[in-house]
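Accompanying notes for the structure given below.
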2 protein chains.
Amino acid sequence: MQSKIINKYYNLKQKSGSHSPSLSSIKEEIPELKIKVDACFLSNPYATELFMEYFKKEMIDTNEIFSLLEFYPAQNKIIASYVEKQLELESGHVFICNGAIEAIQAVIHRFSKEKILVILPTFSSYYEYATIESEVIYYYLNKEDEFKLNIDDYIKTVEVLKPNTIILINPNNPDGGYVSHEDLKKIISKLSWVENIIIDESFIHFAYEDIDLTMKSIVPDVVHHENVVVIKSMSKDFGIAGLRCGYAIMSKNRVESLLKNGYLWNSNGIAEYFFKLYSRKDFLEKYEVVRKKYINETKLFFKNLLEIPKIKIYPSRANFFLIELLGGMNANDVSAELLCNFGVYVRNCNDKIGLNGEFIRVAARTNIENDLIINALKKTIERH
Amino acid sequence: MQSKIINKYYNLKQKSGSHSPSLSSIKEEIPELKIKVDACFLSNPYATELFMEYFKKEMIDTNEIFSLLEFYPAQNKIIASYVEKQLELESGHVFICNGAIEAIQAVIHRFSKEKILVILPTFSSYYEYATIESEVIYYYLNKEDEFKLNIDDYIKTVEVLKPNTIILINPNNPDGGYVSHEDLKKIISKLSWVENIIIDESFIHFAYEDIDLTMKSIVPDVVHHENVVVIKSMSKDFGIAGLRCGYAIMSKNRVESLLKNGYLWNSNGIAEYFFKLYSRKDFLEKYEVVRKKYINETKLFFKNLLEIPKIKIYPSRANFFLIELLGGMNANDVSAELLCNFGVYVRNCNDKIGLNGEFIRVAARTNIENDLIINALKKTIERH
């Protein structure tokens with residue numbers, strides 16, 4: 001029975017390529033599998049709760065939801081104006097998209113025609129979405145340096161290799177490594193000649209540099225840089241992956257060029273509702289509370305993970321931890337056992353290029369779920 | 001007061017380019033305007049009701065909706081398999097998209113690099129979405145022929161102009177003109193050398209050729225033609241524009257090429273739910289009933305429109321009618337008066353290229369709403 005489930009899971013994983021199968025696909029294909037904790041899903045569950053509260057009160061209880069589903073949502077520029085209000089940006093700098101992945105595709109397909117430098121390990125779409133006309137080259141982070149980006153070495157490499165496009169995820173996925181605000185400004189300033197600098201801030205709401213846990217986005221510093229594009233997913237920090245909300249900040253020229261022949265109606269009705277919320281003070285104030293609560297719990301989770309033997313936890317300023325399995329353990333086995341024996345779904349990093357060893361990635365969830373993860377990990381590792 | 005509203009509406013129309021402002025934008029920007037009938041929105045309201053019934057029962061009342069919004073939906077290929085089941089197609093022929101407009105963009109940007117022949121009047125995205133590398137040329141339908149496509153003349157023109165891509169919307173938007181199944185097969189067979197034949201069947205569920213109102217899609221005839229792409233919106237026939245559901249049928253090679261570097265997660269959670277419904281027999285049986293009911297009411301609406309003096313109604317097999325205003329009436333004035341005096345929102349066709357004269361387009365709604373439209377039109381026209 002157990003091995004049958006494991007086989008079904010391996011098949012589904014195979015079909016999903018370099019990503020994890022979605023929860024809905026697992027439910028569909030392996031209904032007998034009971035998932036208790038989705039530690040693969042990199043979202044703040046308290047933010048999800050907050051959004052759902054608003055949504056229930058304002059859209060479901062009022063029956064407004066039916067209008068959201070029936071009628072055409074507003075066009076890209078109109079929804080962009082809500083985000084521009086929130087970020088206090090001039091009109092014309094925001095490109096709204098159907099999940100950040102649409103921005104990745106749009107920006108890479110439209111602007112990155114030649115040599116793209118990708119830092120490894122990374123979110124695989126950054127190299128998979130490259131067009132056949134472009135060449136992808138890699139800059140490797142080392143396990144020995146705990147996947148920390150060496151700023152000076154990186155700048156020097158870019159100067160030697162002369163890529164047209166460089167991509168930085170900050171904090172990085174899958175390790176959570178963080179480049180400080182000052183260091184990022186230094187990179188952008190030293191590399192101002194690079195045609196396209198893509199900064200992915202999908203996890204920036206989980207990062208902090210002071211004890212107040214203040215979020216430090218690079219957007220205010222780069223909005224007038226013609227060569228910088230900042231990509232932002234809403235799925236993670238707001239916990240609403242099913243809505244497909246994302247945006248990118250870029251020069252007005254670039255937004256115009258993308259909207260000139262595409263992306264007119266790429267938001268659904270519920271995404272439009274979310275973007276309106278995202279510009280509302282009452283919502284953002286409450287969000288700030290759950291953001292900090294979640295960061296504090298994530299820190300505690302990290303501390304507890306550190307106590308488990310035979311694994312190495314890499315430093316992270318995101319809401320997940322890259323875990324190396326030591327002593328001959330195998331990521332395939334450990335993730336399958338966590339799933340089938342404990343209902344704990346973690347990211348098996350076997351398909352991630354640029355990782356040398358056996359790795360899993362575990363997202364922080366609620367305190368209660370984090371304890372389940374810790375317990376499941378301990379018991380699984382004990383058996384190996 | 002009235003003229004102030006009219007001015008606000010004109011401003012909003014300006015901002016929306018060659019499309020109508022969405023209902024949500026109108027509500028946002030002109031809250032004092034009460035829209036009673038949205039006759040701009042080309043959807044079957046009974047199909048909307050049917051979907052909402054299912055959605056309420058299966059997703060809202062069970063609280064399943066919260067999972068749809070929280071978690072990642074399935075990947076493109078998995079959702080495509082639901083549509084493949086419904087259409088009885090081999091796996092690999094369906095490309096799922098975030099509204100049909102994403103398929104238009106994907107297909108035109110990826111496959112139509114040179115000369116594109118567009119029939120006018122048309123849905124403006126077909127020429128607006130062309131890339132700068134491609135050249136758009138036009139084939140004009142004539143008012144004098146009631147915008148009917150002359151098959152032989154069209155084929156001859158294509159043979160002379162040798163475009164790489166030809167586009168046919170069937171029934172056509174904005175006039176509703178219909179090319180019979182046999183004629184369409186003839187076009188495809190005579191023009192088998194054309195690199196890309198794009199058939200947009202977004203309104204095909206409203207067309208019929210026999211007294212049983214049987215729907216005749218071209219999909220089964222062309223699925224093995226490497227050069228034919230069929231595009232399908234779900235917003236119209238299923239009345240769910242806010243969900244952004246669409247798909248395209250094309251060769252496996254083309255689907256592979258699109259998915260190779262993009263479009264991995266372009267459906268939202270509720271769209272995924274819809275596509276599952278779309279493959280369920282119970283839902284489709286009920287849909288067939290409301291489809292026929294709506295067609296019959298649309299026929300009655302047509303008869304009643306014909307009795308209004310000083311306008312010409314063009315023949316249509318879609319769920320809308322192109323109306324020419326005669327005797328010096330002006331489409332700007334008539335549509336603004338319908339909106340502000342009667343709350344009836346129609347499509348002002350002033351921005352449509354290829355129409356020579358003053359035109360509005362009116363969608364069929366429920367019987368009761370159709371009567372409101374007829375009454376508002378009569379009274380407005382009487383005053384001119």
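Following the order of the structure tokens, first chain is A, next is B, and so on, with residues numbered from 1 inside each chain and ligands from 1 in the order they appear.
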
For chain B against chain A, which residues fall within 8 Å using only C-alpha atoms, given as a ChimeraX atom specification? /B:16,21-25,41,48,52,60,66-75,78,98-99,101-102,105,128-131,239-244,260-263,265-270

List the neighbours of Lys352 in chain A out to 7 Å using only C-alpha atoms; skip same-chain residues closer than 3 positions along the sequence, and give me the result as number ranges by chain. A: 121, 349, 355

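Shell of Phe147 in chain B at 12 Å, with only C-alpha atoms counted and residues fewer than 3 places along the chain excluded, is Ile119, Leu120, Pro121, Thr122, Tyr139, Tyr140, Leu141, Asn142, Lys143, Glu144, Asn150, Pro171, Asn172, Asn173, Pro174, Asp175, Gly176, Gly177, Tyr178, Val179, Ile313, Tyr314, Pro315, Ser316, Leu322, Gly354, Leu355 and Asn356 of chain B.
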
Within 8 Å of Tyr278 in chain A, counting only C-alpha atoms, which residues show up once you throw out same-chain ones fewer than 2 positions away? Write them as an MDAnalysis selection string, please. chainID A and resid 82:83 86 274:276 280 283:284

Can I get the selection written as a short mmCIF file (atom, residue, chain, number, x, y, z; two decimals), in the first residue's frame, with N, CA, C and O atoms?
data_model
loop_
_atom_site.label_atom_id
_atom_site.label_comp_id
_atom_site.auth_asym_id
_atom_site.auth_seq_id
_atom_site.Cartn_x
_atom_site.Cartn_y
_atom_site.Cartn_z
N TYR A 82 -3.83 50.59 -9.10
CA TYR A 82 -3.99 50.28 -7.66
C TYR A 82 -2.61 50.01 -7.03
O TYR A 82 -2.33 50.44 -5.92
N VAL A 83 -1.80 49.25 -7.75
CA VAL A 83 -0.47 48.91 -7.24
C VAL A 83 0.41 50.16 -7.19
O VAL A 83 1.17 50.38 -6.24
N GLN A 86 -0.34 51.98 -4.08
CA GLN A 86 0.24 51.32 -2.90
C GLN A 86 1.73 51.61 -2.80
O GLN A 86 2.25 51.89 -1.73
N PHE A 274 -8.17 41.43 -5.21
CA PHE A 274 -6.98 41.43 -4.37
C PHE A 274 -6.17 42.70 -4.56
O PHE A 274 -5.71 43.32 -3.60
N PHE A 275 -5.95 43.10 -5.81
CA PHE A 275 -5.11 44.28 -6.05
C PHE A 275 -5.75 45.55 -5.48
O PHE A 275 -5.05 46.47 -5.06
N LYS A 276 -7.07 45.57 -5.43
CA LYS A 276 -7.72 46.72 -4.76
C LYS A 276 -7.42 46.69 -3.26
O LYS A 276 -7.11 47.71 -2.66
N ARG A 280 -5.35 49.19 -0.01
CA ARG A 280 -6.17 49.70 1.10
C ARG A 280 -5.40 49.68 2.41
O ARG A 280 -4.83 48.67 2.81
N PHE A 283 -6.33 47.02 5.20
CA PHE A 283 -5.82 45.68 4.91
C PHE A 283 -4.31 45.61 5.16
O PHE A 283 -3.81 44.66 5.78
N LEU A 284 -3.60 46.62 4.70
CA LEU A 284 -2.13 46.59 4.80
C LEU A 284 -1.67 46.66 6.25
O LEU A 284 -0.67 46.04 6.62
#

If we count only C-alpha atoms, what is near Phe206 in chain B at a cut-off of 7 Å, once residues fewer than 3 positions away on the same chain are taken out, given as a CSV table (one decimal) with C-alpha atoms, in the first residue's frame?
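What follows is the written file result_0.csv:
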chain,number,residue,atom,x,y,z
B,203,PHE,CA,-19.2,32.3,-30.6
B,295,ILE,CA,-30.6,30.8,-28.9
B,317,ARG,CA,-25.7,33.6,-36.0
B,318,ALA,CA,-24.0,34.8,-32.9
B,319,ASN,CA,-25.6,36.2,-29.7

Give me the residues within 9 Å of Ile188 in chain A as a list in words, counting only C-alpha atoms and dropping any in the same chain fewer than 3 places off. Asp183, Leu184, Lys185, Leu191, Ser192, Val194, Ile197, Val222 and Val228 of chain A

What would the file look like if the residues just selected were written as an mmCIF file, in the first residue's frame with N, CA and C atoms?
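To be explicit, this is the file written out as out02.cif:
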data_model
loop_
_atom_site.group_PDB
_atom_site.id
_atom_site.type_symbol
_atom_site.label_atom_id
_atom_site.label_comp_id
_atom_site.auth_asym_id
_atom_site.auth_seq_id
_atom_site.Cartn_x
_atom_site.Cartn_y
_atom_site.Cartn_z
ATOM 1 N N ASP A 183 24.170 46.128 -0.403
ATOM 2 C CA ASP A 183 24.907 45.322 -1.388
ATOM 3 C C ASP A 183 24.184 45.284 -2.731
ATOM 4 N N LEU A 184 22.874 45.198 -2.674
ATOM 5 C CA LEU A 184 22.112 45.148 -3.921
ATOM 6 C C LEU A 184 22.250 46.474 -4.670
ATOM 7 N N LYS A 185 22.211 47.570 -3.920
ATOM 8 C CA LYS A 185 22.407 48.889 -4.544
ATOM 9 C C LYS A 185 23.795 48.972 -5.182
ATOM 10 N N LEU A 191 26.999 47.775 -11.982
ATOM 11 C CA LEU A 191 26.667 47.076 -13.237
ATOM 12 C C LEU A 191 25.620 47.852 -14.042
ATOM 13 N N SER A 192 25.700 49.170 -13.963
ATOM 14 C CA SER A 192 24.665 49.994 -14.601
ATOM 15 C C SER A 192 24.675 49.862 -16.126
ATOM 16 N N VAL A 194 24.722 46.979 -17.672
ATOM 17 C CA VAL A 194 24.037 45.740 -18.092
ATOM 18 C C VAL A 194 22.635 46.104 -18.603
ATOM 19 N N ILE A 197 18.697 44.145 -15.756
ATOM 20 C CA ILE A 197 18.949 43.590 -14.426
ATOM 21 C C ILE A 197 17.586 43.209 -13.855
ATOM 22 N N VAL A 222 15.200 51.947 -7.629
ATOM 23 C CA VAL A 222 15.503 51.595 -9.027
ATOM 24 C C VAL A 222 14.418 51.996 -10.015
ATOM 25 N N VAL A 228 16.535 48.248 -15.002
ATOM 26 C CA VAL A 228 16.177 47.339 -13.903
ATOM 27 C C VAL A 228 14.692 46.978 -13.956
#

Quick one: residues within 12 Å of Glu369 in chain A, only C-alpha atoms counted, chain neighbours fewer than 4 positions away excluded, as a ChimeraX atom specification? /A:35-39,45,297-298,301,342-345,362-365,373-376

Could those selected residues go to a file with all heavy atoms, as a compact mmCIF listing (two decimals), in the first residue's frame?
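Generated output (part_15.txt):
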# COMPACT_ATOMS: atom_id res chain seq x y z
N ILE A 35 -2.65 14.61 3.00
CA ILE A 35 -1.60 15.59 3.29
C ILE A 35 -2.02 16.43 4.49
O ILE A 35 -3.07 17.05 4.49
CB ILE A 35 -1.34 16.49 2.06
CG1 ILE A 35 -0.79 15.62 0.92
CG2 ILE A 35 -0.36 17.62 2.41
CD1 ILE A 35 -0.37 16.38 -0.29
N LYS A 36 -1.18 16.43 5.52
CA LYS A 36 -1.49 17.20 6.72
C LYS A 36 -0.84 18.57 6.67
O LYS A 36 -1.41 19.55 7.13
CB LYS A 36 -0.99 16.45 7.97
CG LYS A 36 -1.90 15.31 8.37
CD LYS A 36 -1.46 14.74 9.72
CE LYS A 36 -1.98 13.32 9.91
NZ LYS A 36 -1.05 12.49 10.66
N VAL A 37 0.39 18.61 6.17
CA VAL A 37 1.10 19.88 6.10
C VAL A 37 1.73 20.03 4.71
O VAL A 37 2.50 19.17 4.29
CB VAL A 37 2.25 19.96 7.15
CG1 VAL A 37 2.89 21.34 7.12
CG2 VAL A 37 1.74 19.63 8.55
N ASP A 38 1.39 21.11 4.03
CA ASP A 38 2.01 21.37 2.74
C ASP A 38 3.21 22.29 2.95
O ASP A 38 3.11 23.51 2.86
CB ASP A 38 1.00 22.01 1.79
CG ASP A 38 1.60 22.24 0.40
OD1 ASP A 38 2.77 21.90 0.20
OD2 ASP A 38 0.88 22.75 -0.47
N ALA A 39 4.35 21.66 3.25
CA ALA A 39 5.56 22.44 3.53
C ALA A 39 6.37 22.66 2.25
O ALA A 39 7.53 23.05 2.28
CB ALA A 39 6.41 21.74 4.59
N PRO A 45 0.70 31.40 5.94
CA PRO A 45 -0.68 30.95 6.16
C PRO A 45 -1.54 31.97 6.90
O PRO A 45 -2.76 31.99 6.72
CB PRO A 45 -0.52 29.66 6.98
CG PRO A 45 0.86 29.73 7.56
CD PRO A 45 1.69 30.56 6.65
N GLU A 297 7.70 33.42 14.04
CA GLU A 297 7.51 31.97 14.14
C GLU A 297 8.50 31.21 13.25
O GLU A 297 8.95 30.11 13.59
CB GLU A 297 6.06 31.59 13.80
CG GLU A 297 5.09 32.13 14.84
CD GLU A 297 3.67 31.65 14.64
OE1 GLU A 297 3.43 30.80 13.75
OE2 GLU A 297 2.78 32.14 15.37
N THR A 298 8.82 31.83 12.11
CA THR A 298 9.79 31.20 11.20
C THR A 298 11.18 31.14 11.86
O THR A 298 11.91 30.16 11.71
CB THR A 298 9.85 31.99 9.87
OG1 THR A 298 8.55 31.99 9.29
CG2 THR A 298 10.83 31.37 8.88
N PHE A 301 11.11 28.30 14.24
CA PHE A 301 11.16 27.06 13.46
C PHE A 301 12.62 26.74 13.10
O PHE A 301 13.09 25.61 13.23
CB PHE A 301 10.30 27.24 12.21
CG PHE A 301 10.20 26.05 11.30
CD1 PHE A 301 9.94 24.77 11.80
CD2 PHE A 301 10.31 26.20 9.92
CE1 PHE A 301 9.82 23.68 10.95
CE2 PHE A 301 10.19 25.11 9.06
CZ PHE A 301 9.95 23.85 9.58
N PHE A 342 3.82 10.60 7.24
CA PHE A 342 3.43 11.69 8.14
C PHE A 342 2.52 12.73 7.48
O PHE A 342 2.10 13.68 8.12
CB PHE A 342 4.68 12.39 8.70
CG PHE A 342 5.56 11.49 9.51
CD1 PHE A 342 6.61 10.79 8.92
CD2 PHE A 342 5.30 11.29 10.87
CE1 PHE A 342 7.42 9.94 9.66
CE2 PHE A 342 6.10 10.44 11.62
CZ PHE A 342 7.17 9.76 11.01
N GLY A 343 2.27 12.56 6.18
CA GLY A 343 1.44 13.56 5.48
C GLY A 343 2.12 14.91 5.38
O GLY A 343 1.45 15.94 5.23
N VAL A 344 3.45 14.92 5.48
CA VAL A 344 4.19 16.18 5.39
C VAL A 344 4.82 16.28 4.00
O VAL A 344 5.67 15.46 3.63
CB VAL A 344 5.27 16.28 6.49
CG1 VAL A 344 6.18 17.48 6.25
CG2 VAL A 344 4.61 16.39 7.87
N TYR A 345 4.36 17.26 3.24
CA TYR A 345 4.79 17.41 1.85
C TYR A 345 5.91 18.45 1.78
O TYR A 345 5.69 19.62 2.02
CB TYR A 345 3.57 17.86 1.02
CG TYR A 345 3.79 17.96 -0.47
CD1 TYR A 345 4.67 17.13 -1.15
CD2 TYR A 345 3.06 18.89 -1.22
CE1 TYR A 345 4.84 17.22 -2.52
CE2 TYR A 345 3.22 18.99 -2.60
CZ TYR A 345 4.11 18.15 -3.24
OH TYR A 345 4.28 18.25 -4.60
N VAL A 362 12.09 23.03 3.00
CA VAL A 362 10.93 22.98 3.88
C VAL A 362 10.43 24.39 4.16
O VAL A 362 11.21 25.25 4.58
CB VAL A 362 11.30 22.28 5.22
CG1 VAL A 362 10.12 22.28 6.17
CG2 VAL A 362 11.78 20.86 4.96
N ALA A 363 9.16 24.63 3.91
CA ALA A 363 8.57 25.94 4.17
C ALA A 363 8.11 26.03 5.61
O ALA A 363 7.68 25.03 6.19
CB ALA A 363 7.38 26.17 3.26
N ALA A 364 8.22 27.21 6.19
CA ALA A 364 7.62 27.45 7.50
C ALA A 364 6.12 27.60 7.32
O ALA A 364 5.66 28.22 6.37
CB ALA A 364 8.20 28.72 8.11
N ARG A 365 5.37 26.98 8.25
CA ARG A 365 3.91 27.12 8.21
C ARG A 365 3.47 27.73 9.55
O ARG A 365 4.20 28.52 10.12
CB ARG A 365 3.25 25.76 7.95
CG ARG A 365 3.75 25.01 6.71
CD ARG A 365 3.46 25.73 5.40
NE ARG A 365 2.05 26.01 5.23
CZ ARG A 365 1.56 26.93 4.38
NH1 ARG A 365 2.38 27.66 3.64
NH2 ARG A 365 0.28 27.13 4.27
N ILE A 373 6.06 19.21 11.40
CA ILE A 373 7.18 19.02 10.47
C ILE A 373 8.43 18.56 11.23
O ILE A 373 9.10 17.59 10.85
CB ILE A 373 7.50 20.33 9.70
CG1 ILE A 373 6.30 20.78 8.86
CG2 ILE A 373 8.73 20.15 8.81
CD1 ILE A 373 6.42 22.20 8.30
N ILE A 374 8.72 19.25 12.33
CA ILE A 374 9.90 18.92 13.15
C ILE A 374 9.82 17.46 13.61
O ILE A 374 10.78 16.68 13.47
CB ILE A 374 9.98 19.85 14.39
CG1 ILE A 374 10.19 21.31 13.96
CG2 ILE A 374 11.04 19.36 15.39
CD1 ILE A 374 11.61 21.72 13.69
N ASN A 375 8.67 17.10 14.11
CA ASN A 375 8.46 15.75 14.61
C ASN A 375 8.62 14.70 13.51
O ASN A 375 9.31 13.68 13.68
CB ASN A 375 7.06 15.68 15.24
CG ASN A 375 6.80 14.33 15.86
OD1 ASN A 375 7.62 13.84 16.62
ND2 ASN A 375 5.68 13.72 15.50
N ALA A 376 8.01 14.96 12.37
CA ALA A 376 8.09 14.03 11.24
C ALA A 376 9.53 13.89 10.75
O ALA A 376 10.01 12.79 10.47
CB ALA A 376 7.18 14.50 10.11

Give me every alpha helix (DSSP H) residue in range 41-112 of chain B, going by DSSP on the backbone, as a count of residues only. 41

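Nearest-residue note for Ser335 in chain A: choosing from A:His93, A:Arg347, A:His225, A:Lys312, the minimum distance belongs to A:Arg347, counting only C-alpha atoms.
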
Using DSSP on the backbone coordinates, identify all residues within range 155-283 of chain A classified as strand (DSSP E); present the result as a count of residues only. 21
